Each structure stands twice: as structure tokens, then as C-alpha cells.
file protein_36.json (JSON, C-alpha atoms)
[["chain", "number", "residue", "atom", "x", "y", "z"],
["N", 276, "MET", "CA", -13.38, -6.92, 35.21],
["N", 277, "PRO", "CA", -14.73, -5.08, 38.27],
["N", 278, "LYS", "CA", -18.33, -5.65, 39.25],
["N", 279, "ILE", "CA", -20.68, -3.06, 37.78],
["N", 280, "THR", "CA", -23.03, -1.71, 40.42],
["N", 281, "SER", "CA", -26.50, -0.35, 39.85],
["N", 282, "GLU", "CA", -25.27, 3.02, 41.08],
["N", 283, "SER", "CA", -22.48, 3.16, 38.50],
["N", 284, "ARG", "CA", -24.95, 2.15, 35.79],
["N", 285, "GLU", "CA", -27.23, 5.01, 36.77],
["N", 286, "ILE", "CA", -24.36, 7.48, 36.73],
["N", 287, "PHE", "CA", -23.28, 6.22, 33.30],
["N", 288, "ALA", "CA", -26.84, 6.47, 31.98],
["N", 289, "ALA", "CA", -27.17, 10.03, 33.25],
["N", 290, "LYS", "CA", -23.84, 11.21, 31.90],
["N", 291, "SER", "CA", -24.24, 9.50, 28.52],
["N", 292, "GLN", "CA", -27.78, 10.77, 27.90],
["N", 293, "PRO", "CA", -26.69, 14.24, 26.64],
["N", 294, "TYR", "CA", -24.51, 12.52, 24.03],
["N", 295, "LYS", "CA", -27.38, 10.28, 22.99],
["N", 296, "ASP", "CA", -29.66, 13.31, 22.67],
["N", 297, "LYS", "CA", -27.14, 15.04, 20.39],
["N", 298, "ILE", "CA", -26.81, 11.87, 18.32],
["N", 299, "ALA", "CA", -30.57, 11.68, 17.91],
["N", 300, "GLU", "CA", -30.69, 15.34, 16.84],
["N", 301, "SER", "CA", -27.97, 14.84, 14.23],
["N", 302, "LEU", "CA", -29.53, 11.70, 12.81],
["N", 303, "GLU", "CA", -32.90, 13.42, 12.60],
["N", 304, "LEU", "CA", -31.23, 16.31, 10.78],
["N", 305, "GLU", "CA", -29.65, 13.86, 8.34],
["N", 306, "LYS", "CA", -33.01, 12.18, 7.75],
["N", 307, "ASN", "CA", -34.75, 15.48, 7.04],
["N", 308, "ILE", "CA", -32.02, 16.69, 4.68],
["N", 309, "LEU", "CA", -32.02, 13.43, 2.72],
["N", 310, "ALA", "CA", -35.79, 13.59, 2.39],
["N", 311, "ARG", "CA", -35.49, 17.00, 0.71],
["N", 312, "LEU", "CA", -32.36, 16.28, -1.29],
["N", 313, "ASP", "CA", -32.69, 16.68, -5.05],
["N", 314, "PRO", "CA", -30.14, 14.44, -6.83],
["N", 315, "GLU", "CA", -30.16, 16.80, -9.82],
["N", 316, "SER", "CA", -29.48, 19.93, -7.78],
["N", 317, "SER", "CA", -26.15, 21.70, -8.11],
["N", 318, "GLU", "CA", -26.10, 21.93, -4.32],
["N", 319, "THR", "CA", -26.24, 18.18, -3.74],
["N", 320, "ALA", "CA", -22.47, 17.67, -3.56],
["N", 321, "GLN", "CA", -22.06, 20.51, -1.06],
["N", 322, "THR", "CA", -24.89, 19.06, 1.03],
["N", 323, "LYS", "CA", -23.18, 15.68, 1.12],
["N", 324, "LEU", "CA", -19.97, 17.33, 2.29],
["N", 325, "MET", "CA", -21.95, 18.78, 5.18],
["N", 326, "LEU", "CA", -23.59, 15.43, 5.92],
["N", 327, "SER", "CA", -20.20, 13.72, 5.95],
["N", 328, "GLU", "CA", -18.96, 16.22, 8.52],
["N", 329, "GLU", "CA", -22.12, 15.71, 10.59],
["N", 330, "MET", "CA", -21.55, 11.94, 10.59],
["N", 331, "ILE", "CA", -17.98, 12.43, 11.80],
["N", 332, "TYR", "CA", -19.42, 14.45, 14.68],
["N", 333, "VAL", "CA", -21.92, 11.66, 15.47],
["N", 334, "ALA", "CA", -19.12, 9.09, 15.46],
["N", 335, "THR", "CA", -17.14, 11.12, 17.99],
["N", 336, "LEU", "CA", -20.21, 11.23, 20.25],
["N", 337, "TYR", "CA", -20.44, 7.43, 20.17],
["N", 338, "ILE", "CA", -16.72, 7.24, 20.97],
["N", 339, "ALA", "CA", -17.29, 9.62, 23.88],
["N", 340, "ILE", "CA", -20.00, 7.29, 25.21],
["N", 341, "ASN", "CA", -17.52, 4.42, 25.07],
["N", 342, "ASN", "CA", -14.95, 6.52, 26.92],
["N", 343, "LEU", "CA", -17.52, 7.18, 29.64],
["N", 344, "SER", "CA", -18.21, 3.47, 29.88],
["N", 345, "VAL", "CA", -14.53, 2.68, 30.27],
["N", 346, "THR", "CA", -14.15, 5.37, 32.95],
["N", 347, "LEU", "CA", -17.33, 4.72, 34.92],
["N", 348, "LEU", "CA", -17.97, 1.03, 34.35],
["N", 349, "GLY", "CA", -14.50, -0.28, 33.63],
["N", 350, "THR", "CA", -15.54, -1.87, 30.35],
["N", 351, "LYS", "CA", -15.88, -0.95, 26.69],
["N", 352, "ASN", "CA", -19.28, -0.16, 25.26],
["N", 353, "ASN", "CA", -19.15, -2.32, 22.14],
["N", 354, "ASP", "CA", -22.58, -1.15, 20.96],
["N", 355, "ALA", "CA", -21.38, 2.46, 20.90],
["N", 356, "LEU", "CA", -18.14, 1.49, 19.14],
["N", 357, "ASN", "CA", -19.95, -0.54, 16.51],
["N", 358, "ASP", "CA", -22.36, 2.33, 15.92],
["N", 359, "ALA", "CA", -19.38, 4.68, 15.53],
["N", 360, "ARG", "CA", -17.81, 2.30, 13.01],
["N", 361, "LYS", "CA", -21.01, 2.18, 10.94],
["N", 362, "ILE", "CA", -21.42, 5.95, 11.08],
["N", 363, "LEU", "CA", -17.85, 6.53, 9.89],
["N", 364, "TYR", "CA", -18.62, 4.34, 6.89],
["N", 365, "ARG", "CA", -21.58, 6.65, 6.23],
["N", 366, "ALA", "CA", -19.27, 9.66, 6.39],
["N", 367, "ILE", "CA", -16.96, 8.06, 3.84],
["N", 368, "ILE", "CA", -19.83, 6.98, 1.58],
["N", 369, "TYR", "CA", -21.10, 10.56, 1.37],
["N", 370, "LEU", "CA", -17.65, 11.60, 0.14],
["N", 371, "GLU", "CA", -17.48, 8.66, -2.27],
["N", 372, "GLU", "CA", -20.79, 9.75, -3.77],
["N", 373, "ILE", "CA", -19.15, 13.09, -4.57],
["N", 374, "VAL", "CA", -15.64, 12.13, -5.70],
["N", 375, "THR", "CA", -16.01, 8.36, -6.45],
["N", 376, "ASN", "CA", -14.34, 5.41, -4.74],
["N", 377, "VAL", "CA", -11.93, 4.67, -7.61],
["N", 378, "ILE", "CA", -8.42, 4.28, -6.23],
["N", 379, "ASP", "CA", -6.12, 4.84, -9.19],
["N", 380, "ILE", "CA", -7.90, 7.42, -11.33],
["N", 381, "SER", "CA", -6.69, 10.48, -13.18],
["N", 382, "TYR", "CA", -7.98, 13.88, -12.16],
["N", 383, "THR", "CA", -9.41, 14.54, -15.62],
["N", 384, "GLU", "CA", -11.78, 11.59, -15.17],
["N", 385, "ILE", "CA", -13.41, 13.14, -12.10],
["N", 386, "GLU", "CA", -12.81, 16.83, -12.73],
["N", 387, "ASP", "CA", -16.50, 17.48, -13.37],
["N", 388, "LYS", "CA", -17.35, 15.97, -9.97],
["N", 389, "ILE", "CA", -14.75, 18.07, -8.15],
["N", 390, "GLU", "CA", -16.14, 21.20, -9.82],
["N", 391, "GLN", "CA", -19.36, 20.61, -7.90],
["N", 392, "ILE", "CA", -17.56, 21.45, -4.65],
["N", 393, "ALA", "CA", -15.47, 24.28, -6.10],
["N", 394, "SER", "CA", -16.79, 26.71, -3.48],
["N", 395, "THR", "CA", -15.20, 24.62, -0.71],
["N", 396, "SER", "CA", -11.61, 25.80, -0.24],
["N", 397, "ILE", "CA", -8.71, 23.39, -0.04],
["N", 398, "SER", "CA", -8.20, 24.39, 3.60],
["N", 399, "LYS", "CA", -11.77, 23.34, 4.45],
["N", 400, "ARG", "CA", -11.34, 20.06, 2.57],
["N", 401, "TYR", "CA", -8.07, 19.45, 4.40],
["N", 402, "TYR", "CA", -9.76, 20.16, 7.74],
["N", 403, "LEU", "CA", -12.59, 17.74, 6.93],
["N", 404, "ILE", "CA", -10.17, 14.97, 5.92],
["N", 405, "ARG", "CA", -8.08, 15.49, 9.05],
["N", 406, "LYS", "CA", -11.20, 15.26, 11.24],
["N", 407, "LEU", "CA", -12.24, 12.06, 9.51],
["N", 408, "GLY", "CA", -8.77, 10.58, 9.91],
["N", 409, "LEU", "CA", -8.69, 11.49, 13.60],
["N", 410, "ALA", "CA", -12.11, 9.92, 14.21],
["N", 411, "ILE", "CA", -10.97, 6.70, 12.53],
["N", 412, "GLN", "CA", -7.79, 6.66, 14.61],
["N", 413, "LEU", "CA", -9.71, 7.25, 17.85],
["N", 414, "LEU", "CA", -12.08, 4.42, 16.99],
["N", 415, "MET", "CA", -9.25, 2.01, 16.24],
["N", 416, "GLU", "CA", -7.59, 2.88, 19.54],
["N", 417, "ALA", "CA", -10.88, 2.41, 21.38],
["N", 418, "PHE", "CA", -11.36, -1.06, 19.89],
["N", 419, "GLY", "CA", -7.76, -2.02, 20.70],
["N", 420, "ASP", "CA", -5.09, -3.98, 18.85],
["N", 421, "ASN", "CA", -6.72, -7.37, 19.40],
["N", 422, "SER", "CA", -10.14, -6.38, 18.13],
["N", 423, "LYS", "CA", -12.02, -8.71, 15.78],
["N", 424, "TRP", "CA", -12.31, -5.68, 13.50],
["N", 425, "ARG", "CA", -8.53, -5.42, 13.03],
["N", 426, "TRP", "CA", -8.53, -6.45, 9.39],
["N", 427, "SER", "CA", -11.77, -4.67, 8.53],
["N", 428, "PHE", "CA", -10.10, -1.40, 9.44],
["N", 429, "VAL", "CA", -7.83, -1.95, 6.45],
["N", 430, "GLU", "CA", -10.87, -1.33, 4.27],
["N", 431, "ILE", "CA", -12.11, 1.76, 6.08],
["N", 432, "GLN", "CA", -8.61, 3.28, 6.04],
["N", 433, "GLY", "CA", -8.22, 2.43, 2.37],
["N", 434, "ARG", "CA", -11.52, 4.03, 1.43],
["N", 435, "PHE", "CA", -10.55, 7.03, 3.54],
["N", 436, "ALA", "CA", -7.25, 7.33, 1.64],
["N", 437, "THR", "CA", -9.11, 7.19, -1.66],
["N", 438, "VAL", "CA", -11.55, 10.00, -0.89],
["N", 439, "ALA", "CA", -8.75, 12.06, 0.65],
["N", 440, "LYS", "CA", -6.92, 11.88, -2.67],
["N", 441, "ASN", "CA", -9.95, 12.34, -4.90],
["N", 442, "ILE", "CA", -11.34, 15.36, -3.06],
["N", 443, "ILE", "CA", -8.37, 17.51, -4.11],
["N", 444, "ASN", "CA", -8.50, 19.75, -7.17],
["N", 445, "TRP", "CA", -5.26, 18.43, -8.62],
["N", 446, "LYS", "CA", -5.20, 20.90, -11.48],
["N", 447, "GLN", "CA", -4.84, 23.69, -8.93],
["N", 448, "ALA", "CA", -2.91, 21.72, -6.33],
["N", 449, "SER", "CA", -0.21, 20.75, -8.83],
["N", 450, "LYS", "CA", 0.46, 24.49, -9.25],
["N", 451, "ASP", "CA", 0.14, 25.60, -5.62],
["N", 452, "TYR", "CA", 2.42, 22.77, -4.46],
["N", 453, "PHE", "CA", 5.34, 24.41, -6.29],
["N", 454, "ASP", "CA", 4.40, 28.04, -5.70],
["N", 455, "SER", "CA", 5.58, 29.22, -2.30],
["N", 456, "GLN", "CA", 3.90, 32.59, -2.97],
["N", 457, "SER", "CA", 0.46, 31.00, -3.24],
["N", 458, "ASP", "CA", -1.93, 31.59, -0.34],
["N", 459, "ASP", "CA", -2.68, 27.86, -0.41],
["N", 460, "TYR", "CA", 0.94, 26.71, -0.58],
["N", 461, "ASP", "CA", 1.28, 25.44, 3.00],
["N", 462, "THR", "CA", -2.11, 23.76, 3.07],
["N", 463, "THR", "CA", -1.49, 22.10, -0.29],
["N", 464, "VAL", "CA", 1.92, 20.77, 0.73],
["N", 465, "TYR", "CA", 0.57, 19.37, 4.01],
["N", 466, "PHE", "CA", -2.48, 17.89, 2.27],
["N", 467, "VAL", "CA", -0.39, 16.23, -0.45],
["N", 468, "ARG", "CA", 1.98, 14.79, 2.14],
["N", 469, "LEU", "CA", -0.97, 13.42, 4.11],
["N", 470, "VAL", "CA", -2.51, 11.79, 1.04],
["N", 471, "LYS", "CA", 0.84, 10.30, 0.04],
["N", 472, "ARG", "CA", 1.24, 8.77, 3.49],
["N", 473, "LEU", "CA", -2.31, 7.41, 3.47],
["N", 474, "LEU", "CA", -1.88, 5.78, 0.05],
["N", 475, "ASP", "CA", 1.42, 4.18, 1.03],
["N", 476, "GLN", "CA", -0.09, 3.00, 4.30],
["N", 477, "SER", "CA", -3.09, 1.41, 2.55],
["N", 478, "SER", "CA", -0.91, -0.39, 0.01],
["N", 479, "LYS", "CA", 1.10, -1.91, 2.86],
["N", 480, "GLU", "CA", -1.95, -2.81, 4.95],
["N", 481, "TYR", "CA", -3.73, -4.56, 2.08],
["N", 482, "ARG", "CA", -0.52, -6.46, 1.34],
["N", 483, "ASP", "CA", -0.27, -7.43, 5.03],
["N", 484, "ARG", "CA", -3.92, -8.53, 5.08],
["N", 485, "TYR", "CA", -3.26, -10.69, 2.04],
["N", 486, "GLU", "CA", -0.14, -12.25, 3.54],
["N", 487, "LEU", "CA", -1.35, -12.68, 7.12],
["N", 488, "SER", "CA", -5.08, -13.24, 6.80],
["N", 489, "THR", "CA", -7.07, -13.59, 3.60],
["N", 490, "HIS", "CA", -4.73, -14.76, 0.80],
["N", 491, "THR", "CA", -7.32, -13.36, -1.62],
["N", 492, "VAL", "CA", -6.31, -12.01, -5.00],
["N", 493, "GLU", "CA", -8.64, -9.05, -4.45],
["N", 494, "ASP", "CA", -6.59, -7.81, -1.49],
["N", 495, "MET", "CA", -3.39, -7.88, -3.53],
["N", 496, "ARG", "CA", -5.17, -6.18, -6.42],
["N", 497, "LEU", "CA", -6.18, -3.38, -4.07],
["N", 498, "ALA", "CA", -2.67, -3.19, -2.63],
["N", 499, "ILE", "CA", -1.27, -2.77, -6.13],
["N", 500, "ASN", "CA", -3.87, -0.13, -6.99],
["N", 501, "TYR", "CA", -2.77, 1.91, -3.98],
["N", 502, "VAL", "CA", 0.85, 1.58, -5.10],
["N", 503, "LEU", "CA", -0.12, 2.82, -8.56],
["N", 504, "SER", "CA", -2.14, 5.67, -7.10],
["N", 505, "SER", "CA", 0.83, 6.66, -4.96],
["N", 506, "ARG", "CA", 2.97, 6.54, -8.10],
["N", 507, "ARG", "CA", 0.53, 8.83, -9.90],
["N", 508, "LEU", "CA", 0.93, 11.31, -7.05],
["N", 509, "SER", "CA", 4.73, 11.03, -7.20],
["N", 510, "ILE", "CA", 4.55, 11.98, -10.86],
["N", 511, "ILE", "CA", 2.35, 14.99, -10.10],
["N", 512, "ILE", "CA", 4.83, 16.35, -7.53],
["N", 513, "GLY", "CA", 7.80, 15.65, -9.78],
["N", 514, "ASN", "CA", 9.42, 12.80, -7.86],
["N", 515, "SER", "CA", 10.48, 10.71, -10.85],
["N", 516, "GLU", "CA", 12.85, 8.49, -8.88],
["N", 517, "GLU", "CA", 10.11, 7.43, -6.46],
["N", 518, "SER", "CA", 7.63, 6.94, -9.29],
["N", 519, "GLU", "CA", 10.00, 4.45, -10.91],
["N", 520, "GLU", "CA", 10.47, 2.61, -7.61],
["N", 521, "LEU", "CA", 6.70, 2.36, -7.16],
["N", 522, "LYS", "CA", 6.29, 1.12, -10.72],
["N", 523, "LYS", "CA", 8.78, -1.66, -10.00],
["N", 524, "LYS", "CA", 7.04, -2.44, -6.70],
["N", 525, "ALA", "CA", 3.68, -2.83, -8.45],
["N", 526, "THR", "CA", 5.25, -5.20, -10.97],
["N", 527, "VAL", "CA", 6.92, -7.30, -8.25],
["N", 528, "TRP", "CA", 3.66, -7.53, -6.31],
["N", 529, "LYS", "CA", 1.73, -8.53, -9.41],
["N", 530, "ASP", "CA", 4.28, -11.25, -10.18],
["N", 531, "LYS", "CA", 4.03, -12.40, -6.58],
["N", 532, "VAL", "CA", 0.25, -12.83, -6.63],
["N", 533, "ASP", "CA", 0.38, -14.48, -10.07],
["N", 534, "SER", "CA", 2.89, -16.97, -8.69],
["N", 535, "ASP", "CA", 0.77, -17.57, -5.59],
["N", 536, "GLN", "CA", -2.24, -18.28, -7.77],
["N", 537, "LYS", "CA", -0.32, -20.89, -9.73],
["N", 538, "LYS", "CA", 0.80, -22.50, -6.47],
["N", 539, "GLY", "CA", -2.76, -22.48, -5.11],
["N", 540, "ILE", "CA", -1.82, -20.11, -2.29],
["N", 541, "ALA", "CA", -3.97, -17.20, -3.48],
["N", 542, "LYS", "CA", -7.73, -17.58, -3.69]]
call {"tool": "encode", "arguments": {"input": "protein_36.json", "output": "C-alpha cells"}}
result
Amino acid sequence: MPKITSESREIFAAKSQPYKDKIAESLELEKNILARLDPESSETAQTKLMLSEEMIYVATLYIAINNLSVTLLGTKNNDALNDARKILYRAIIYLEEIVTNVIDISYTEIEDKIEQIASTSISKRYYLIRKLGLAIQLLMEAFGDNSKWRWSFVEIQGRFATVAKNIINWKQASKDYFDSQSDDYDTTVYFVRLVKRLLDQSSKEYRDRYELSTHTVEDMRLAINYVLSSRRLSIIIGNSEESEELKKKATVWKDKVDSDQKKGIAK
């Protein structure tokens, strides 16, 4: 690593200060909003959507500070990256508080929650989810493949996949997906494809974490839940062949973890 001079430190401090000022402003805004937030208000869910988006913005500012550090100092700014990681969890938690964190759940069970954000169009929800996904991807790339956080990103991506699925009004989406004349047809198709990919990715990553790292039953349970959630989506979009394949996969994985438990492999 090249030697960091006092001059380069000063330049970094000067160039990163505007980002830090914007972060401070956003966090102060969040604090003030939360202080006034009425849990019983009909506007609470919409407010949390806004707060989630604000936290995504804050995370990107921390990532920008890290990028400056890499460019000007030749080294990562781990403090900024860790702050970005924590803030992205906050962004996800705000969404979980609206649409729950339950992986394999039917739309009817959370329909009343989704109704609270009815005024937010599917295109705006899609845009928010894409921004969150991009921020997570940028953070993972900034940490690098050999980061100590490698396996923890399985959780953040899984929770992201869950809220991405749950934030959709599936009663409407299941109609628009098949109606090419609908104004929301394209957005719905792209959104459903994204969610499907995220669910399949999370099932694989939890399975990999089980096999290569933790050997905990909980990780395989989560992997199976993502398979089942993906199957639920396959049923909604009328892909019966894939739904049967996913049903078989879930059974095979359950048998696998049951066998591993008997052998003392799974904890």
C-alpha cells in the first residue's frame, strides 16, 4: 500500500466533507421525522417508504466517501463501508415494517399492509427496489470478494429479496402480468422477473452458506423457504412445470438437511 501523505489526507478530508455534510442532514431529517411519527397514522407506511429511500441515498454517500479514499489514498475506508452496510439494513428494516419480513407468505395475509401504500404506483416501488439492489451491489463490490462480510451479505440480499416480493400488490400484478394492454404491463413483467431472480439467488446463497460455512439447520430452512416462495411466484405467473420442479427441490433439500442432522453434520 502506498504511503499516505499529510497532503493527500487533507485533500481527502476536504473532498469528503460535502458528503459528510449531506449525510448529517439526512440523518437529522430521519431523526426529526421519527420523533413526529404517529404509529397509528394512515401516513406512517408512506413515511417509512420515504425514509427507506433516504437511507439508500445515505448509503450511497458513504460508498462515495470510500471511492474517494481508494482514489486519493489508495486504500478502502472501512468505516464508511461499515456505516453504509448498517444504513442499508435500516433501509430494509423500514420496508420490513411495512410489508413484513416473512419469506413464504401469501398475498392475502399481508394485503391490508400493502393497502397502506396503495398510493405508491408499481413503477415507483420498482424504482425503489432497483435503487436498493444497486446500492447493495455497489457495497458488495466495494468490500471485495474476500471480505469478512461475504457470508453476512447472504442475509442482507435475502431480506432484500423478501421485501422486493412483499411490496408488490399481487392481486393487481397477477392481472397486469398477463395483460399486454395494461399501462403497467412492462413494469410488472420486469418487476416479477427481478423478484423471481432474487428469490432463486437467495435460495442458492443460503444453501451455499450452509454447505460451505455454517452447517446450521436455520440456513437450510431459509434456503427452503426461498425455494417455496419462488414456487409460489411460479404458480402466480402460471408456470406449473417450474412450480413442480421447485416443489421437488424443496423436498430434496429438506431430506438432505434431515439426513445431515442424523449424521451430526448439521447443527
call {"tool": "closest_atom_pairs", "arguments": {"input": "protein_36.json", "of": "region 421-476 of chain N", "to": "region 374-386 of chain N", "cutoff": "8 Å", "atoms": "all atoms listed in the file", "output": "tab-separated table"}}
result
residue	atom	partner	partner_atom	distance
N:Arg434	CA	N:Asn376	CA	6.9
N:Thr437	CA	N:Ile378	CA	5.5
N:Val438	CA	N:Asn376	CA	6.6
N:Asn441	CA	N:Val374	CA	5.7
N:Ile442	CA	N:Val374	CA	6.0
N:Asn444	CA	N:Glu386	CA	7.6
N:Trp445	CA	N:Tyr382	CA	6.4
N:Lys446	CA	N:Tyr382	CA	7.6
call {"tool": "write_last_selection", "arguments": {"input": "protein_36.json", "atoms": "C-alpha atoms", "output": "PDB file, in the frame of the given file"}}
result
ATOM      1  CA  ARG N 434     -11.520   4.030   1.430  1.00  0.00           C
ATOM      2  CA  THR N 437      -9.110   7.190  -1.660  1.00  0.00           C
ATOM      3  CA  VAL N 438     -11.550  10.000  -0.890  1.00  0.00           C
ATOM      4  CA  ASN N 441      -9.950  12.340  -4.900  1.00  0.00           C
ATOM      5  CA  ILE N 442     -11.340  15.360  -3.060  1.00  0.00           C
ATOM      6  CA  ASN N 444      -8.500  19.750  -7.170  1.00  0.00           C
ATOM      7  CA  TRP N 445      -5.260  18.430  -8.620  1.00  0.00           C
ATOM      8  CA  LYS N 446      -5.200  20.900 -11.480  1.00  0.00           C
TER       9      LYS N 446
END
call {"tool": "closest_residue", "arguments": {"input": "protein_36.json", "among": "N:Glu303, N:Ile286, N:Ile373, N:Ala417", "to": "Ile338 (chain N)", "atoms": "only C-alpha atoms"}}
result
N:Ala417
call {"tool": "closest_residue", "arguments": {"input": "protein_36.json", "among": "N:Leu324, N:Tyr332, N:Ser344, N:Ile540", "to": "Thr491 (chain N)", "atoms": "all atoms listed in the file"}}
result
N:Ile540
call {"tool": "residues_around", "arguments": {"input": "protein_36.json", "residues": "Gln391 (chain N)", "least_positions_apart": "3", "cutoff": "8 Å", "atoms": "all atoms listed in the file", "output": "list in words"}}
result
Ser317, Glu318, Ala320, Gln321, Asp387, Lys388 and Ser394 of chain N
call {"tool": "closest_residue", "arguments": {"input": "protein_36.json", "among": "N:Ser534, N:Thr526, N:Asn307, N:Ser455", "to": "Val492 (chain N)", "atoms": "all atoms listed in the file"}}
result
N:Ser534
call {"tool": "closest_residue", "arguments": {"input": "protein_36.json", "among": "N:Leu309, N:Ile362, N:Leu326, N:Ile397", "to": "Asp461 (chain N)", "atoms": "only C-alpha atoms"}}
result
N:Ile397
call {"tool": "closest_residue", "arguments": {"input": "protein_36.json", "among": "N:Val333, N:Thr463, N:Met495, N:Phe453", "to": "Asp535 (chain N)", "atoms": "all atoms listed in the file"}}
result
N:Met495
call {"tool": "closest_residue", "arguments": {"input": "protein_36.json", "among": "N:Asp483, N:Asp459, N:Asp494, N:Asp475", "to": "Leu508 (chain N)", "atoms": "only C-alpha atoms"}}
result
N:Asp475
call {"tool": "residues_near_point", "arguments": {"input": "protein_36.json", "point": "(-2.0, -3.6, 4.9)", "cutoff": "10 Å", "atoms": "all atoms listed in the file", "output": "list in words"}}
result
Trp426, Phe428, Val429, Glu430, Gln432, Gly433, Asp475, Gln476, Ser477, Ser478, Lys479, Glu480, Tyr481, Arg482, Asp483, Arg484, Tyr485, Glu486, Leu487, Asp494, Met495, Leu497 and Ala498 of chain N
call {"tool": "residues_around", "arguments": {"input": "protein_36.json", "residues": "region 398-404 of chain N", "least_positions_apart": "3", "cutoff": "7 Å", "atoms": "all atoms listed in the file", "output": "PDB file with C-alpha atoms, in the frame of the given file"}}
result
ATOM      1  CA  GLU N 328     -18.960  16.220   8.520  1.00  0.00           C
ATOM      2  CA  THR N 395     -15.200  24.620  -0.710  1.00  0.00           C
ATOM      3  CA  LEU N 407     -12.240  12.060   9.510  1.00  0.00           C
ATOM      4  CA  GLY N 408      -8.770  10.580   9.910  1.00  0.00           C
ATOM      5  CA  ALA N 439      -8.750  12.060   0.650  1.00  0.00           C
ATOM      6  CA  THR N 462      -2.110  23.760   3.070  1.00  0.00           C
ATOM      7  CA  PHE N 466      -2.480  17.890   2.270  1.00  0.00           C
TER       8      PHE N 466
END
call {"tool": "build_atoms", "arguments": {"input": "protein_36.json", "residues": "region 389-401 of chain N", "atoms": "N, CA, C and O atoms", "output": "mmCIF file, keeping the file's coordinate frame"}}
result
data_model
loop_
_atom_site.group_PDB
_atom_site.id
_atom_site.type_symbol
_atom_site.label_atom_id
_atom_site.label_comp_id
_atom_site.auth_asym_id
_atom_site.auth_seq_id
_atom_site.Cartn_x
_atom_site.Cartn_y
_atom_site.Cartn_z
ATOM 1 N N ILE N 389 -15.426 17.176 -9.076
ATOM 2 C CA ILE N 389 -14.750 18.070 -8.150
ATOM 3 C C ILE N 389 -15.238 19.505 -8.330
ATOM 4 O O ILE N 389 -15.296 20.286 -7.373
ATOM 5 N N GLU N 390 -15.623 19.848 -9.551
ATOM 6 C CA GLU N 390 -16.140 21.200 -9.820
ATOM 7 C C GLU N 390 -17.405 21.486 -9.020
ATOM 8 O O GLU N 390 -17.720 22.636 -8.720
ATOM 9 N N GLN N 391 -18.123 20.435 -8.650
ATOM 10 C CA GLN N 391 -19.360 20.610 -7.900
ATOM 11 C C GLN N 391 -19.120 21.116 -6.480
ATOM 12 O O GLN N 391 -20.038 21.610 -5.825
ATOM 13 N N ILE N 392 -17.892 20.957 -5.996
ATOM 14 C CA ILE N 392 -17.560 21.450 -4.650
ATOM 15 C C ILE N 392 -16.493 22.543 -4.742
ATOM 16 O O ILE N 392 -15.709 22.748 -3.811
ATOM 17 N N ALA N 393 -16.481 23.249 -5.865
ATOM 18 C CA ALA N 393 -15.470 24.280 -6.100
ATOM 19 C C ALA N 393 -15.504 25.379 -5.040
ATOM 20 O O ALA N 393 -14.475 26.000 -4.736
ATOM 21 N N SER N 394 -16.672 25.634 -4.476
ATOM 22 C CA SER N 394 -16.790 26.710 -3.480
ATOM 23 C C SER N 394 -16.178 26.333 -2.135
ATOM 24 O O SER N 394 -16.029 27.190 -1.257
ATOM 25 N N THR N 395 -15.831 25.061 -1.958
ATOM 26 C CA THR N 395 -15.200 24.620 -0.710
ATOM 27 C C THR N 395 -13.681 24.707 -0.882
ATOM 28 O O THR N 395 -13.103 24.002 -1.707
ATOM 29 N N SER N 396 -13.045 25.561 -0.111
ATOM 30 C CA SER N 396 -11.610 25.800 -0.240
ATOM 31 C C SER N 396 -10.807 24.554 0.103
ATOM 32 O O SER N 396 -11.287 23.650 0.790
ATOM 33 N N ILE N 397 -9.566 24.530 -0.349
ATOM 34 C CA ILE N 397 -8.710 23.390 -0.040
ATOM 35 C C ILE N 397 -8.456 23.297 1.464
ATOM 36 O O ILE N 397 -8.326 22.194 2.008
ATOM 37 N N SER N 398 -8.422 24.427 2.149
ATOM 38 C CA SER N 398 -8.200 24.390 3.600
ATOM 39 C C SER N 398 -9.373 23.727 4.315
ATOM 40 O O SER N 398 -9.182 22.960 5.268
ATOM 41 N N LYS N 399 -10.605 23.982 3.838
ATOM 42 C CA LYS N 399 -11.770 23.340 4.450
ATOM 43 C C LYS N 399 -11.804 21.849 4.131
ATOM 44 O O LYS N 399 -12.183 21.032 4.974
ATOM 45 N N ARG N 400 -11.399 21.484 2.931
ATOM 46 C CA ARG N 400 -11.340 20.060 2.570
ATOM 47 C C ARG N 400 -10.281 19.353 3.420
ATOM 48 O O ARG N 400 -10.504 18.237 3.892
ATOM 49 N N TYR N 401 -9.153 20.017 3.590
ATOM 50 C CA TYR N 401 -8.070 19.450 4.400
ATOM 51 C C TYR N 401 -8.534 19.252 5.840
ATOM 52 O O TYR N 401 -8.266 18.207 6.459
#
